[in-house]
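Here is the file start09.json (JSON, C-alpha atoms).
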```json
[["chain", "number", "residue", "atom", "x", "y", "z"],
["A", 1, "MET", "CA", 100.51, -31.98, 32.74],
["A", 2, "GLU", "CA", 103.31, -29.43, 32.35],
["A", 3, "THR", "CA", 102.24, -25.78, 31.98],
["A", 4, "LYS", "CA", 104.04, -25.25, 28.65],
["A", 5, "THR", "CA", 102.32, -28.34, 27.21],
["A", 6, "LYS", "CA", 98.93, -27.01, 28.35],
["A", 7, "LEU", "CA", 99.66, -23.62, 26.80],
["A", 8, "LYS", "CA", 100.69, -25.16, 23.48],
["A", 9, "GLY", "CA", 97.45, -27.14, 23.46],
["A", 10, "ILE", "CA", 95.40, -24.00, 24.14],
["A", 11, "MET", "CA", 97.15, -22.13, 21.33],
["A", 12, "VAL", "CA", 96.62, -24.97, 18.83],
["A", 13, "LEU", "CA", 92.93, -25.14, 19.80],
["A", 14, "ALA", "CA", 92.50, -21.36, 19.42],
["A", 15, "PHE", "CA", 94.04, -21.35, 15.94],
["A", 16, "ALA", "CA", 92.00, -24.40, 14.91],
["A", 17, "ILE", "CA", 88.78, -22.69, 16.00],
["A", 18, "LEU", "CA", 89.61, -19.47, 14.15],
["A", 19, "PHE", "CA", 90.65, -21.22, 10.93],
["A", 20, "GLY", "CA", 87.72, -23.64, 11.16],
["A", 21, "ILE", "CA", 85.30, -20.74, 11.41],
["A", 22, "ASN", "CA", 86.87, -19.13, 8.35],
["A", 23, "ALA", "CA", 86.66, -22.40, 6.38],
["A", 24, "ASN", "CA", 83.02, -22.92, 7.34],
["A", 25, "ALA", "CA", 82.19, -19.34, 6.42],
["A", 26, "GLN", "CA", 82.90, -20.22, 2.77],
["A", 27, "GLN", "CA", 79.91, -22.60, 2.61],
["A", 28, "ALA", "CA", 76.55, -21.32, 1.40],
["A", 29, "VAL", "CA", 74.16, -20.88, 4.31],
["A", 30, "THR", "CA", 70.47, -19.99, 4.25],
["A", 31, "LEU", "CA", 69.96, -17.19, 6.74],
["A", 32, "PRO", "CA", 66.73, -16.54, 8.63],
["A", 33, "GLU", "CA", 64.89, -13.35, 7.66],
["A", 34, "SER", "CA", 66.06, -11.56, 10.83],
["A", 35, "ALA", "CA", 69.73, -12.08, 9.87],
["A", 36, "LYS", "CA", 69.51, -11.20, 6.17],
["A", 37, "GLY", "CA", 71.42, -8.11, 5.24],
["A", 38, "TYR", "CA", 74.10, -8.72, 7.91],
["A", 39, "ASP", "CA", 77.59, -9.23, 6.52],
["A", 40, "GLN", "CA", 80.00, -11.26, 8.59],
["A", 41, "ASN", "CA", 83.12, -9.12, 8.89],
["A", 42, "TRP", "CA", 86.66, -9.12, 10.12],
["A", 43, "ARG", "CA", 87.58, -6.20, 12.39],
["A", 44, "LEU", "CA", 90.98, -5.01, 13.58],
["A", 45, "GLY", "CA", 91.51, -2.95, 16.72],
["A", 46, "PHE", "CA", 94.48, -1.31, 18.42],
["A", 47, "GLY", "CA", 94.26, -0.59, 22.14],
["A", 48, "ILE", "CA", 96.05, 0.92, 25.09],
["A", 49, "ASN", "CA", 95.63, -0.60, 28.56],
["A", 50, "GLY", "CA", 96.23, 0.77, 32.02],
["A", 51, "GLY", "CA", 95.76, -1.26, 35.16],
["A", 52, "TYR", "CA", 96.82, -2.37, 38.59],
["A", 53, "ALA", "CA", 98.10, -5.77, 39.76],
["A", 54, "PHE", "CA", 96.90, -6.68, 43.26],
["A", 55, "GLU", "CA", 99.76, -8.80, 44.63],
["A", 56, "ASP", "CA", 103.15, -7.67, 45.94],
["A", 57, "PRO", "CA", 105.61, -6.80, 44.43],
["A", 58, "TYR", "CA", 103.47, -5.81, 41.43],
["A", 59, "GLY", "CA", 101.87, -2.40, 41.05],
["A", 60, "ALA", "CA", 100.70, -0.44, 38.03],
["A", 61, "THR", "CA", 100.57, -1.94, 34.54],
["A", 62, "LEU", "CA", 100.61, -0.33, 31.12],
["A", 63, "GLY", "CA", 100.22, -2.05, 27.78],
["A", 64, "VAL", "CA", 99.28, -1.98, 24.12],
["A", 65, "ASP", "CA", 97.54, -4.61, 22.04],
["A", 66, "ALA", "CA", 96.15, -5.55, 18.65],
["A", 67, "ARG", "CA", 92.95, -7.57, 18.33],
["A", 68, "ILE", "CA", 91.51, -9.28, 15.28],
["A", 69, "GLN", "CA", 87.81, -10.11, 15.51],
["A", 70, "TYR", "CA", 85.55, -12.19, 13.31],
["A", 71, "ASP", "CA", 81.82, -11.54, 13.63],
["A", 72, "LEU", "CA", 79.88, -14.81, 13.73],
["A", 73, "SER", "CA", 76.61, -12.89, 13.87],
["A", 74, "LYS", "CA", 75.46, -9.39, 14.70],
["A", 75, "ARG", "CA", 75.76, -10.18, 18.43],
["A", 76, "THR", "CA", 78.65, -12.69, 18.68],
["A", 77, "SER", "CA", 82.32, -12.66, 17.67],
["A", 78, "VAL", "CA", 85.52, -14.62, 18.18],
["A", 79, "THR", "CA", 88.75, -12.75, 18.88],
["A", 80, "LEU", "CA", 92.51, -13.20, 18.88],
["A", 81, "THR", "CA", 94.51, -10.63, 20.88],
["A", 82, "SER", "CA", 98.22, -10.06, 21.45],
["A", 83, "GLY", "CA", 100.41, -7.18, 22.55],
["A", 84, "TYR", "CA", 102.74, -6.15, 25.33],
["A", 85, "THR", "CA", 102.06, -5.41, 29.02],
["A", 86, "HIS", "CA", 104.62, -3.77, 31.31],
["A", 87, "PHE", "CA", 104.36, -4.57, 35.03],
["A", 88, "PHE", "CA", 105.96, -1.96, 37.28],
["A", 89, "LEU", "CA", 107.42, -3.79, 40.29],
["A", 90, "ASP", "CA", 107.88, -2.23, 43.73],
["A", 91, "GLY", "CA", 111.22, -1.86, 45.45],
["A", 92, "ASP", "CA", 114.57, -2.74, 43.90],
["A", 93, "LEU", "CA", 113.15, -5.38, 41.56],
["A", 94, "ASP", "CA", 113.42, -4.93, 37.81],
["A", 95, "ASP", "CA", 110.12, -4.33, 36.01],
["A", 96, "MET", "CA", 108.59, -7.21, 34.07],
["A", 97, "GLY", "CA", 107.42, -7.32, 30.45],
["A", 98, "VAL", "CA", 104.78, -9.79, 29.28],
["A", 99, "VAL", "CA", 103.49, -10.72, 25.82],
["A", 100, "PRO", "CA", 99.93, -12.08, 26.16],
["A", 101, "VAL", "CA", 98.36, -14.19, 23.39],
["A", 102, "LYS", "CA", 94.62, -14.80, 23.92],
["A", 103, "ALA", "CA", 91.68, -16.28, 22.04],
["A", 104, "GLY", "CA", 88.22, -15.15, 23.08],
["A", 105, "PHE", "CA", 84.48, -15.02, 22.58],
["A", 106, "LYS", "CA", 82.51, -11.74, 22.65],
["A", 107, "GLY", "CA", 78.74, -11.58, 23.08],
["A", 108, "PHE", "CA", 76.64, -8.42, 23.04],
["A", 109, "ILE", "CA", 74.19, -8.43, 25.93],
["A", 110, "TYR", "CA", 72.36, -5.14, 25.51],
["A", 111, "GLY", "CA", 71.74, -3.70, 22.07],
["A", 112, "ASP", "CA", 74.71, -3.47, 19.78],
["A", 113, "SER", "CA", 76.98, -1.73, 22.28],
["A", 114, "PHE", "CA", 77.37, -3.49, 25.67],
["A", 115, "TYR", "CA", 79.18, -6.81, 25.67],
["A", 116, "LEU", "CA", 80.72, -9.53, 27.81],
["A", 117, "MET", "CA", 83.90, -11.25, 26.68],
["A", 118, "GLY", "CA", 86.00, -14.14, 27.89],
["A", 119, "GLU", "CA", 89.56, -14.83, 26.77],
["A", 120, "VAL", "CA", 92.05, -17.58, 27.51],
["A", 121, "GLY", "CA", 95.64, -17.97, 26.39],
["A", 122, "ALA", "CA", 99.25, -17.66, 27.46],
["A", 123, "ALA", "CA", 101.41, -14.92, 28.94],
["A", 124, "PHE", "CA", 105.10, -15.00, 28.05],
["A", 125, "GLN", "CA", 107.56, -13.06, 30.22],
["A", 126, "VAL", "CA", 110.07, -11.32, 27.94],
["A", 127, "THR", "CA", 112.41, -9.38, 30.23],
["A", 128, "LYS", "CA", 115.91, -10.64, 31.04],
["A", 129, "ASP", "CA", 115.26, -11.40, 34.73],
["A", 130, "TYR", "CA", 112.04, -13.33, 34.11],
["A", 131, "ASN", "CA", 111.35, -16.23, 31.75],
["A", 132, "ASP", "CA", 108.19, -17.96, 33.00],
["A", 133, "THR", "CA", 105.11, -18.64, 30.93],
["A", 134, "SER", "CA", 101.66, -18.67, 32.47],
["A", 135, "LEU", "CA", 98.15, -19.57, 31.56],
["A", 136, "LEU", "CA", 96.08, -16.39, 31.20],
["A", 137, "VAL", "CA", 92.35, -16.08, 31.86],
["A", 138, "ALA", "CA", 90.62, -12.74, 31.21],
["A", 139, "PRO", "CA", 86.88, -11.98, 31.54],
["A", 140, "SER", "CA", 85.77, -8.47, 30.60],
["A", 141, "ILE", "CA", 82.79, -6.17, 30.15],
["A", 142, "GLY", "CA", 82.76, -3.43, 27.56],
["A", 143, "TYR", "CA", 81.03, -0.82, 25.46],
["A", 144, "ALA", "CA", 81.71, -0.55, 21.72],
["A", 145, "THR", "CA", 80.71, 1.95, 19.04],
["A", 146, "LYS", "CA", 81.50, 1.79, 15.34],
["A", 147, "TYR", "CA", 85.15, 2.76, 15.98],
["A", 148, "ILE", "CA", 85.81, 3.05, 19.75],
["A", 149, "ASP", "CA", 85.85, 0.18, 22.25],
["A", 150, "TRP", "CA", 86.05, 0.69, 26.06],
["A", 151, "SER", "CA", 86.39, -2.35, 28.29],
["A", 152, "LEU", "CA", 87.22, -3.26, 31.87],
["A", 153, "ARG", "CA", 88.83, -6.66, 32.39],
["A", 154, "TYR", "CA", 90.32, -8.84, 35.07],
["A", 155, "GLU", "CA", 93.37, -10.90, 34.10],
["A", 156, "TYR", "CA", 94.65, -13.82, 36.14],
["A", 157, "TYR", "CA", 98.10, -15.37, 35.73],
["A", 158, "PRO", "CA", 98.13, -18.54, 37.89],
["A", 159, "ASP", "CA", 101.82, -19.33, 37.30],
["A", 160, "PHE", "CA", 103.44, -15.95, 38.09],
["A", 161, "LEU", "CA", 105.09, -15.63, 41.51],
["A", 162, "LYS", "CA", 104.04, -13.25, 44.27],
["A", 163, "ALA", "CA", 106.50, -11.74, 46.77],
["A", 164, "SER", "CA", 105.42, -14.41, 49.29],
["A", 165, "GLY", "CA", 106.61, -17.18, 46.94],
["A", 166, "ASP", "CA", 103.07, -18.35, 46.24],
["A", 167, "LYS", "CA", 101.74, -18.41, 42.69],
["A", 168, "GLY", "CA", 98.86, -16.45, 41.22],
["A", 169, "VAL", "CA", 98.81, -12.80, 40.15],
["A", 170, "GLY", "CA", 95.68, -10.87, 39.17],
["A", 171, "GLN", "CA", 95.23, -7.44, 37.64],
["A", 172, "ILE", "CA", 92.35, -5.20, 36.65],
["A", 173, "ALA", "CA", 92.79, -3.06, 33.54],
["A", 174, "LEU", "CA", 90.92, -0.51, 31.46],
["A", 175, "ARG", "CA", 91.31, -0.81, 27.68],
["A", 176, "VAL", "CA", 90.54, 1.95, 25.16],
["A", 177, "ALA", "CA", 90.80, 0.90, 21.52],
["A", 178, "TYR", "CA", 90.22, 2.12, 18.00],
["A", 179, "GLY", "CA", 88.82, -0.51, 15.63],
["A", 180, "PHE", "CA", 87.57, -0.77, 12.06],
["A", 181, "LYS", "CA", 86.28, -3.27, 9.50],
["A", 182, "LEU", "CA", 88.83, -4.93, 7.25]]
```
Would you write the structure of this file as structure tokens?
Amino acid sequence: METKTKLKGIMVLAFAILFGINANAQQAVTLPESAKGYDQNWRLGFGINGGYAFEDPYGATLGVDARIQYDLSKRTSVTLTSGYTHFFLDGDLDDMGVVPVKAGFKGFIYGDSFYLMGEVGAAFQVTKDYNDTSLLVAPSIGYATKYIDWSLRYEYYPDFLKASGDKGVGQIALRVAYGFKL
């Protein structure tokens, strides 16, 4: 199956999940006693990312993003994230800009602060010398307070080219974000 067809399918599935959750949230549900008093909320966050890509000719990365999050419960959420990431390339090559679009699932593993998150989506190259699109897979671990969110994530782009001509570029990035309830 062609990569662009796969990516379109992933995007359609992500939007269907998010809108399906919102539609189901309108139905009356009887909550267990332990969950009463918890309001399901939408949250919006804006982050800055700094990282390093491991394969030549890539080097440092810098990006910004916006994330919308819907809390399914006190400990689980679904997310939709997009933004811009700038890859600084070594040598005489022009730098590369990428717009990632990712859907994810966040689960708190220790109290209400430490979490694990997995995201999947597409990465669209937007600079004049590059026009590929890649699948994007991004697991992360993080710590969130009422307003601040710190996370460390690994992102893998299986369709981006390395200097050797092989495919597959990975980066590790630190994200610091400010978020709030809508």
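A straight line drawn from CA of Ala66 in chain A to CA of Asp149 in chain A is 12.3 Å long.
Our summary of the geometry notes that CA of Val169 in chain A is positioned 26.4 Å from CA of Gly45 in chain A.
Comparing the minimum interatomic distances between Phe114 in chain A and each of A:Phe54, A:Phe46, A:Tyr178, A:Trp150, counting all atoms listed in the file, we find that A:Trp150 sits nearest.
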Report task. Would you be able to write out as number ranges by chain which residues have an atom within 6 Å of (88.1, -15.1, 17.3) in the file's coordinates, counting all atoms listed in the file? Result -> A: 18, 69-70, 78-80, 104
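In this model, the gap between CA of Ser77 in chain A and CA of Ser113 in chain A comes to 13.0 Å.
Minimum atom-to-atom distance to Phe160 in chain A, evaluated using only C-alpha atoms, belongs to A:Met96 out of A:Val120, A:Ala138, A:Met96, A:Leu182.
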Query raised in the report: Which polymer residues have any atom within 6 Å of an atom of Gly121 in chain A, counting only C-alpha atoms, with same-chain residues fewer than 5 positions away left out, as a VMD selection string?
Result: chain A and resid 101 to 102 135 to 136
Query raised in the report: Excluding same-chain residues fewer than 6 positions from Phe88 in chain A, what lies within 8 Å of it counting all atoms listed in the file, as a PyMOL selection string?
Result: chain A and resi 58-61+95-96
Query - Exercise: Phe108 in chain A partners within 10 Å, all atoms listed in the file, chain neighbours under 4 positions left out, as number ranges by chain - result: A: 74-77, 112-117, 141-144
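Proximity ranking of A:Val98, A:Leu89, A:Ile109, A:Ile148 relative to Phe124 in chain A places A:Val98 first, based on only C-alpha atoms.
The smallest atom-to-atom distance between Leu44 in chain A and any of A:Lys146, A:Ala163, A:Phe105, A:Ser73, using all atoms listed in the file, is found for A:Lys146.
Among the candidates A:Gly111, A:Lys128, A:Thr145, A:Asp90, the one nearest to Ala53 in chain A when counting only C-alpha atoms is A:Asp90.
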